[in-house]
Amino acid sequence: MMEKHSKIVALACLIAIFAPLCTVDAFAFQSTHSAKKPTALLAKQSQSDDVTGALGKAVMAAALTLSIIANPSPALADGQTKDFKLPPIDKSDKYRCTLSSSSMGQANAARDKLYDLRECKLSGAAASGYDLSGVIMTKTDVSKAKFVESYFSKAYLHDSNFDDADFTNAIVDRASFKGSSLRGAIFKNAVLTGTSFEDADVENADFTEAAIGAFDLRNLCKNPTLKGENPTTGEDTRFSLGCGN
């Protein structure tokens, strides 16, 4: 705690020292109609502007670093909302258990209705390149499914079967695999931003070259099921994530 406080104080001092040196003139537009200045004076001013610009960047960097140190906690992902109340499953919809790509774009997981795949049997499904953002899965079987280059933004993926599913090059953003089985799944070169694997079984999974935030990585490295070797790629599960021994 003392070390953290010292870093914050040091950065605050850095900002206090350099901030007065960074004036608005460094960012002001110069008039094209102003009188010509001597070459030596222009050179001196140019050097001064360079120094001022560099100091300005240093202050901005210090301020950003200070904000990160002071507030390191990650934002809660949409798929990780603790009290997520789901409506009853509409089992009267005979077309409900169908993998379909959203045509509205994945940024906000927008759809014209709830994308509910709870308790659906979709083992071996082909959904590569699909935008499945906003999908809700609980007790869903998508084992051996192909999700290569697919999108899972704000996806609720709890207590489901993803064994041997292929997420190569997929974008899994702000999603939650809480309590799901991902044994033998492939996340090679996938983007896993703000995604939770809490209580998930990731034995024999492959995370080679996957992009995952430091906070989520620390949590995943603590998962006791992070072991084994992927049966398809032959990659060591723990080593593929870079967690060490």
# chains A, B, ... in the order shown; residues from 1 in each chain; ligands from 1
>>> residues_around(residues="Pro87 of chain A", least_positions_apart="6", cutoff="12 Å", atoms="only C-alpha atoms", output="mmCIF file with C-alpha atoms, in the first residue's frame")
data_model
loop_
_atom_site.group_PDB
_atom_site.id
_atom_site.type_symbol
_atom_site.label_atom_id
_atom_site.label_comp_id
_atom_site.auth_asym_id
_atom_site.auth_seq_id
_atom_site.Cartn_x
_atom_site.Cartn_y
_atom_site.Cartn_z
ATOM 1 C CA LEU A 114 -33.944 -11.797 -27.171
ATOM 2 C CA TYR A 115 -31.476 -14.275 -28.683
ATOM 3 C CA ASP A 116 -32.261 -17.205 -26.421
ATOM 4 C CA ARG A 118 -30.986 -21.910 -23.482
ATOM 5 C CA ILE A 136 -27.936 -16.292 -23.995
#
>>> residues_around(residues="Phe147 of chain A", least_positions_apart="6", cutoff="10 Å", atoms="only C-alpha atoms", output="ChimeraX atom specification")
/A:125-132,165-171,186-187
>>> closest_residue(among="A:Ser160, A:Ser102, A:Thr232, A:Thr237", to="Ser133 of chain A", atoms="only C-alpha atoms")
A:Ser102
>>> closest_residue(among="A:Asn161, A:Ser101, A:Ser240, A:Ser196", to="Asp173 of chain A", atoms="only C-alpha atoms")
A:Ser196
>>> closest_residue(among="A:Phe239, A:Tyr156, A:Phe207, A:Phe162", to="Leu122 of chain A", atoms="only C-alpha atoms")
A:Phe162
>>> residues_around(residues="segment 220-229 of chain A", least_positions_apart="3", cutoff="7 Å", atoms="only C-alpha atoms", output="list of chain:residue names")
A:Phe197, A:Asp201, A:Val202, A:Glu203, A:Asn204, A:Asp216, A:Leu217, A:Gly234, A:Glu235, A:Asp236, A:Thr237, A:Arg238, A:Cys243
>>> atom_distance(atom1="atom CA of Arg174 of chain A", atom2="atom CA of Thr138 of chain A")
16.7 Å
>>> closest_residue(among="A:Lys154, A:Asp159, A:Pro231, A:Gly134", to="Leu192 of chain A", atoms="only C-alpha atoms")
A:Lys154
>>> atom_distance(atom1="atom CA of Ser100 of chain A", atom2="atom CA of Asn230 of chain A")
28.2 Å
>>> closest_residue(among="A:Arg183, A:Lys178, A:Lys188, A:Arg218", to="Asp163 of chain A", atoms="only C-alpha atoms")
A:Arg183
>>> closest_residue(among="A:Thr98, A:Ser143, A:Ser123, A:Thr208", to="Ala190 of chain A", atoms="only C-alpha atoms")
A:Thr208
>>> atom_distance(atom1="atom CA of Ser180 of chain A", atom2="atom CA of Ser92 of chain A")
25.9 Å
